[in-house]
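> start-v2.pdb is the file, holding PDB, C-alpha atoms:
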```pdb
ATOM      1  CA  MET A  57     -33.212  34.098  24.628
ATOM      2  CA  LYS A  58     -31.843  34.289  21.098
ATOM      3  CA  TYR A  59     -28.311  34.518  22.547
ATOM      4  CA  LEU A  60     -28.951  31.428  24.752
ATOM      5  CA  ILE A  61     -30.201  29.330  21.821
ATOM      6  CA  HIS A  62     -27.228  30.433  19.719
ATOM      7  CA  SER A  63     -24.813  29.554  22.571
ATOM      8  CA  ILE A  64     -26.386  26.116  23.050
ATOM      9  CA  PHE A  65     -26.181  25.472  19.302
ATOM     10  CA  ILE A  66     -22.479  26.370  19.267
ATOM     11  CA  LEU A  67     -21.845  24.225  22.349
ATOM     12  CA  VAL A  68     -23.525  21.218  20.702
ATOM     13  CA  LEU A  69     -21.432  21.748  17.550
ATOM     14  CA  LEU A  70     -18.253  21.912  19.631
ATOM     15  CA  ILE A  71     -19.126  18.698  21.461
ATOM     16  CA  ILE A  72     -19.906  16.891  18.203
ATOM     17  CA  SER A  73     -16.703  18.200  16.605
ATOM     18  CA  SER A  74     -14.524  17.198  19.548
ATOM     19  CA  ASN A  75     -16.082  13.704  19.590
ATOM     20  CA  LEU A  76     -15.422  13.313  15.859
ATOM     21  CA  ILE A  77     -11.829  14.491  16.278
ATOM     22  CA  ALA A  78     -11.295  12.107  19.215
ATOM     23  CA  GLN A  79     -12.782   9.222  17.233
ATOM     24  CA  GLU A  80     -10.632  10.059  14.203
ATOM     25  CA  GLU A  81      -7.531  10.248  16.422
ATOM     26  CA  SER A  82      -8.438   6.906  17.983
ATOM     27  CA  ASN A  83      -8.905   5.333  14.530
ATOM     28  CA  LYS A  84      -5.378   6.460  13.568
ATOM     29  CA  ASN A  85      -4.109   4.180  16.333
ATOM     30  CA  ILE A  86      -5.950   1.122  15.026
ATOM     31  CA  VAL A  87      -5.017  -1.094  12.069
ATOM     32  CA  GLU A  88      -7.725  -3.343  10.694
ATOM     33  CA  TRP A  89      -6.389  -6.676   9.420
ATOM     34  CA  LYS A  90      -6.135  -6.740   5.616
ATOM     35  CA  SER A  91      -4.205  -9.174   3.462
ATOM     36  CA  ASP A  92      -2.487  -6.334   1.612
ATOM     37  CA  ARG A  93      -1.616  -4.298   4.728
ATOM     38  CA  LYS A  94       1.228  -5.791   6.736
ATOM     39  CA  LEU A  95       2.414  -4.388  10.039
ATOM     40  CA  LEU A  96       5.321  -1.943  10.031
ATOM     41  CA  TRP A  97       7.653  -1.135  12.883
ATOM     42  CA  SER A  98       6.242   2.387  12.757
ATOM     43  CA  ASP A  99       2.906   0.898  13.905
ATOM     44  CA  PHE A 100       4.440  -0.040  17.273
ATOM     45  CA  ILE A 101       4.233   3.319  19.054
ATOM     46  CA  ALA A 102       3.730   2.471  22.745
ATOM     47  CA  GLU A 103       6.513   2.790  25.285
ATOM     48  CA  PRO A 104       8.126  -0.633  25.833
ATOM     49  CA  ASN A 105       7.172  -2.468  29.003
ATOM     50  CA  THR A 106      10.499  -3.545  30.469
ATOM     51  CA  ASP A 107       8.708  -5.791  32.989
ATOM     52  CA  ILE A 108       7.892  -8.146  30.098
ATOM     53  CA  PHE A 109      10.720 -10.281  28.750
ATOM     54  CA  ALA A 110      10.187  -9.670  25.027
ATOM     55  CA  PHE A 111      11.621  -7.585  22.203
ATOM     56  CA  ALA A 112       8.152  -6.616  20.942
ATOM     57  CA  LEU A 113       4.494  -6.867  21.865
ATOM     58  CA  THR A 114       1.513  -6.965  19.529
ATOM     59  CA  SER A 115      -1.755  -5.738  21.007
ATOM     60  CA  TYR A 116      -4.823  -6.977  19.144
ATOM     61  CA  LYS A 117      -8.495  -7.629  19.631
ATOM     62  CA  ILE A 118     -11.276  -9.325  17.739
ATOM     63  CA  GLU A 119     -14.073  -6.814  18.058
ATOM     64  CA  ILE A 120     -17.778  -7.338  17.465
ATOM     65  CA  PHE A 121     -19.533  -4.561  15.562
ATOM     66  CA  PRO A 122     -21.738  -2.747  16.147
ATOM     67  CA  THR A 123     -20.208  -2.338  19.596
ATOM     68  CA  ASP A 124     -23.471  -1.119  21.096
ATOM     69  CA  VAL A 125     -25.788  -4.037  20.322
ATOM     70  CA  MET A 126     -29.310  -3.794  21.624
ATOM     71  CA  VAL A 127     -30.683  -6.829  23.451
ATOM     72  CA  ASP A 128     -34.403  -7.105  24.150
ATOM     73  CA  GLU A 129     -36.171  -8.550  27.205
ATOM     74  CA  ASN A 130     -36.038 -12.045  25.621
ATOM     75  CA  ASN A 131     -32.220 -11.879  25.328
ATOM     76  CA  ASN A 132     -32.434 -11.455  21.549
ATOM     77  CA  ILE A 133     -30.055  -9.139  19.713
ATOM     78  CA  GLN A 134     -31.888  -6.537  17.686
ATOM     79  CA  ASN A 135     -30.506  -6.429  14.124
ATOM     80  CA  TYR A 136     -28.390  -9.529  14.809
ATOM     81  CA  LYS A 137     -27.880  -9.957  11.063
ATOM     82  CA  ASP A 138     -25.767  -6.763  11.130
ATOM     83  CA  LEU A 139     -23.209  -8.287  13.539
ATOM     84  CA  HIS A 140     -19.716  -8.606  12.150
ATOM     85  CA  LEU A 141     -16.207  -9.049  13.541
ATOM     86  CA  ASN A 142     -12.877  -7.363  12.821
ATOM     87  CA  ALA A 143      -9.359  -8.265  13.882
ATOM     88  CA  LEU A 144      -7.758  -5.024  15.047
ATOM     89  CA  PHE A 145      -4.167  -4.086  15.933
ATOM     90  CA  TYR A 146      -3.706  -1.347  18.534
ATOM     91  CA  LYS A 147      -0.702   0.853  17.786
ATOM     92  CA  ASN A 148      -0.767   2.735  21.073
ATOM     93  CA  HIS A 149      -0.539  -0.541  23.058
ATOM     94  CA  SER A 150       2.045  -2.274  20.847
ATOM     95  CA  TRP A 151       5.761  -1.735  21.306
ATOM     96  CA  VAL A 152       9.181  -2.815  20.119
ATOM     97  CA  ILE A 153      12.698  -2.759  21.568
ATOM     98  CA  LYS A 154      14.731  -4.629  18.948
ATOM     99  CA  LYS A 155      13.661  -4.168  15.321
ATOM    100  CA  THR A 156      14.491  -7.070  13.005
ATOM    101  CA  GLU A 157      12.697  -8.372   9.935
ATOM    102  CA  LYS A 158      12.285 -11.848  11.494
ATOM    103  CA  LEU A 159      10.747 -10.355  14.628
ATOM    104  CA  LEU A 160       8.359  -8.238  12.562
ATOM    105  CA  GLN A 161       7.249 -11.386  10.699
ATOM    106  CA  HIS A 162       6.701 -13.074  14.060
ATOM    107  CA  GLU A 163       4.564 -10.177  15.300
ATOM    108  CA  GLN A 164       2.641 -10.146  11.994
ATOM    109  CA  LEU A 165       1.771 -13.805  12.505
ATOM    110  CA  HIS A 166       0.285 -12.950  15.906
ATOM    111  CA  PHE A 167      -2.017 -10.538  14.058
ATOM    112  CA  ASP A 168      -2.682 -13.177  11.368
ATOM    113  CA  ILE A 169      -3.716 -15.645  14.087
ATOM    114  CA  ALA A 170      -6.189 -13.035  15.353
ATOM    115  CA  GLU A 171      -7.638 -12.800  11.826
ATOM    116  CA  LEU A 172      -7.785 -16.603  11.615
ATOM    117  CA  PHE A 173      -9.984 -16.701  14.694
ATOM    118  CA  ALA A 174     -12.029 -13.730  13.489
ATOM    119  CA  ARG A 175     -12.819 -15.822  10.387
ATOM    120  CA  LYS A 176     -13.749 -18.818  12.528
ATOM    121  CA  MET A 177     -16.065 -16.557  14.535
ATOM    122  CA  ARG A 178     -17.574 -15.095  11.355
ATOM    123  CA  GLN A 179     -18.238 -18.631  10.125
ATOM    124  CA  LYS A 180     -20.036 -19.577  13.355
ATOM    125  CA  PHE A 181     -21.923 -16.279  13.481
ATOM    126  CA  GLU A 182     -23.071 -16.864   9.896
ATOM    127  CA  GLU A 183     -24.352 -20.331  10.852
ATOM    128  CA  LEU A 184     -26.388 -18.761  13.667
ATOM    129  CA  LYS A 185     -27.734 -16.058  11.344
ATOM    130  CA  VAL A 186     -28.787 -18.602   8.710
ATOM    131  CA  GLN A 187     -30.786 -20.386  11.423
ATOM    132  CA  ASN A 188     -32.317 -17.018  12.424
ATOM    133  CA  ILE A 189     -30.878 -17.324  15.918
ATOM    134  CA  ALA A 190     -30.820 -13.918  17.599
ATOM    135  CA  ASP A 191     -30.048 -15.148  21.139
ATOM    136  CA  TYR A 192     -27.300 -13.013  22.688
ATOM    137  CA  ASP A 193     -25.849 -15.906  24.706
ATOM    138  CA  SER A 194     -25.430 -18.029  21.564
ATOM    139  CA  TYR A 195     -23.200 -15.401  19.932
ATOM    140  CA  MET A 196     -21.285 -14.683  23.136
ATOM    141  CA  SER A 197     -20.715 -18.390  23.706
ATOM    142  CA  VAL A 198     -19.162 -18.720  20.238
ATOM    143  CA  TYR A 199     -17.055 -15.615  20.780
ATOM    144  CA  THR A 200     -15.837 -16.690  24.229
ATOM    145  CA  MET A 201     -14.989 -20.252  23.155
ATOM    146  CA  LEU A 202     -13.044 -19.138  20.073
ATOM    147  CA  TRP A 203     -11.360 -16.240  21.902
ATOM    148  CA  LYS A 204      -9.995 -18.736  24.457
ATOM    149  CA  LYS A 205      -8.726 -20.927  21.618
ATOM    150  CA  CYS A 206      -7.143 -17.884  19.981
ATOM    151  CA  ARG A 207      -5.325 -16.965  23.195
ATOM    152  CA  LYS A 208      -4.145 -20.559  23.611
ATOM    153  CA  MET A 209      -2.841 -20.675  20.046
ATOM    154  CA  GLN A 210      -1.067 -17.334  20.538
ATOM    155  CA  ASN A 211       0.627 -18.647  23.691
ATOM    156  CA  ASP A 212       1.511 -21.962  22.008
ATOM    157  CA  TYR A 213       3.014 -20.028  19.098
ATOM    158  CA  ASP A 214       5.297 -18.053  21.395
ATOM    159  CA  GLU A 215       6.190 -21.110  23.455
ATOM    160  CA  LYS A 216       6.952 -23.434  20.523
ATOM    161  CA  THR A 217       8.955 -20.819  18.592
ATOM    162  CA  ASN A 218      10.569 -19.268  21.674
ATOM    163  CA  HIS A 219       9.015 -15.955  20.621
ATOM    164  CA  GLY A 220      10.209 -16.407  17.036
ATOM    165  CA  ILE A 221      13.815 -17.285  17.847
ATOM    166  CA  LYS A 222      13.419 -20.825  16.472
ATOM    167  CA  GLU A 223      13.198 -19.738  12.842
ATOM    168  CA  ALA A 224      12.429 -23.132  11.270
ATOM    169  CA  ILE A 225       9.523 -23.736  13.643
ATOM    170  CA  ASN A 226       8.349 -20.150  13.148
ATOM    171  CA  SER A 227       8.356 -20.694   9.356
ATOM    172  CA  GLN A 228       6.242 -23.844   9.778
ATOM    173  CA  TRP A 229       3.748 -21.887  11.886
ATOM    174  CA  GLN A 230       3.530 -19.279   9.120
ATOM    175  CA  ILE A 231       2.789 -21.976   6.541
ATOM    176  CA  ASN A 232       0.129 -23.599   8.740
ATOM    177  CA  VAL A 233      -1.625 -20.340   9.720
ATOM    178  CA  HIS A 234      -1.641 -19.013   6.136
ATOM    179  CA  SER A 235      -3.038 -22.347   4.932
ATOM    180  CA  GLU A 236      -5.849 -22.133   7.491
ATOM    181  CA  LEU A 237      -6.526 -18.519   6.505
ATOM    182  CA  GLN A 238      -6.806 -19.636   2.889
ATOM    183  CA  ASP A 239      -9.210 -22.449   3.864
ATOM    184  CA  LEU A 240     -11.446 -19.833   5.522
ATOM    185  CA  ASN A 241     -11.016 -17.226   2.774
ATOM    186  CA  SER A 242     -14.767 -17.113   2.167
ATOM    187  CA  PHE A 243     -15.044 -15.549   5.661
ATOM    188  CA  ALA A 244     -12.528 -12.781   4.978
ATOM    189  CA  LEU A 245     -13.882  -9.219   4.951
ATOM    190  CA  GLU A 246     -12.057  -8.313   1.729
TER
END
```
Represent the supplied structure as structure tokens.

Amino acid sequence: MKYLIHSIFILVLLIISSNLIAQEESNKNIVEWKSDRKLLWSDFIAEPNTDIFAFALTSYKIEIFPTDVMVDENNNIQNYKDLHLNALFYKNHSWVIKKTEKLLQHEQLHFDIAELFARKMRQKFEELKVQNIADYDSYMSVYTMLWKKCRKMQNDYDEKTNHGIKEAINSQWQINVHSELQDLNSFALE
């Protein structure tokens, strides 16, 4: 019996350790948006997808934390005041074929646009929190609406700049996005 308890204890420790190692390894493949941390070509570690006509691809997500929210029988989020959002870059899904400084700036702006919409979501979430609204659908509606707008802006950015080839237009996009980020600076995580 003593041997069985000892074996179970060691098994539990191994499971916990392997989960922590897997989580740590996963976190190494994620870059959280920060104003002082720009993307590097070394962040783009996925194999290029040659079916996509592009020299690089930035994989990002605006994630709601905690990821495992609890919703009660009345559709209210438990601890809704703890909800927050992060713009994340996924290294193991992002790739590059042709490395140039202009292209890296273009890919950085895709990530900056994700942060812009994360700030817009944080602003709307804060408005709901101030009103003590815990309704799950209210938060998801905000997220879904702004995520669609984010995707549209990302597509417009690529279309209008021809994926960054039109440098003058790309520069204007950078000015506009950075101005909007500054306007929403009170919703930055930093």
> Which residues fall under the PyMOL selection byres ((chain A and resi 92-102) around 12) in this file, as a VMD selection string?
chain A and resid 84 to 91 103 to 106 111 to 116 144 to 168 246
> Suppose you want the space between atom CA of A:Phe243 and atom CA of A:Met209; what is it in Å?
19.5 Å
> Once the PyMOL selection byres ((chain A and resi 214-229) around 8) has been applied to the shown file, what residues remain in the selection, as a list in words?
Ala110, Lys158, Leu159, His162, Gln210, Asn211, Asp212, Tyr213, Gln230, Ile231, Asn232 and Val233 of chain A
> Can you tell me which residues surround stretch 178-190 of chain A at a distance of at most 9 Å, considering only C-alpha atoms, apart from same-chain residues fewer than 2 positions away, and format the answer as number ranges by chain?
A: 131-137, 139-141, 173-176, 192-195, 198-199, 240, 242-244
> Using atom CA of A:Lys205 and atom CA of A:Asn130 as the two end points, give the distance in Å to one decimal.
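Rounded to one decimal, the two atoms are 29.0 Å apart.
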> One decimal, in Å: what's the spacing between atom CA of A:Val125 and atom CA of A:Glu171?
21.9 Å
> How big is the axis-aligned box around the listed atoms of stretch 237-243 of chain A once 6 Å is added on each side, and where is its centre? Give both in Å to one decimal, as lines of an AutoDock Vina configuration file.

```
center_x = -10.8
center_y = -19.0
center_z = 4.3
size_x = 20.5
size_y = 18.9
size_z = 16.3
```
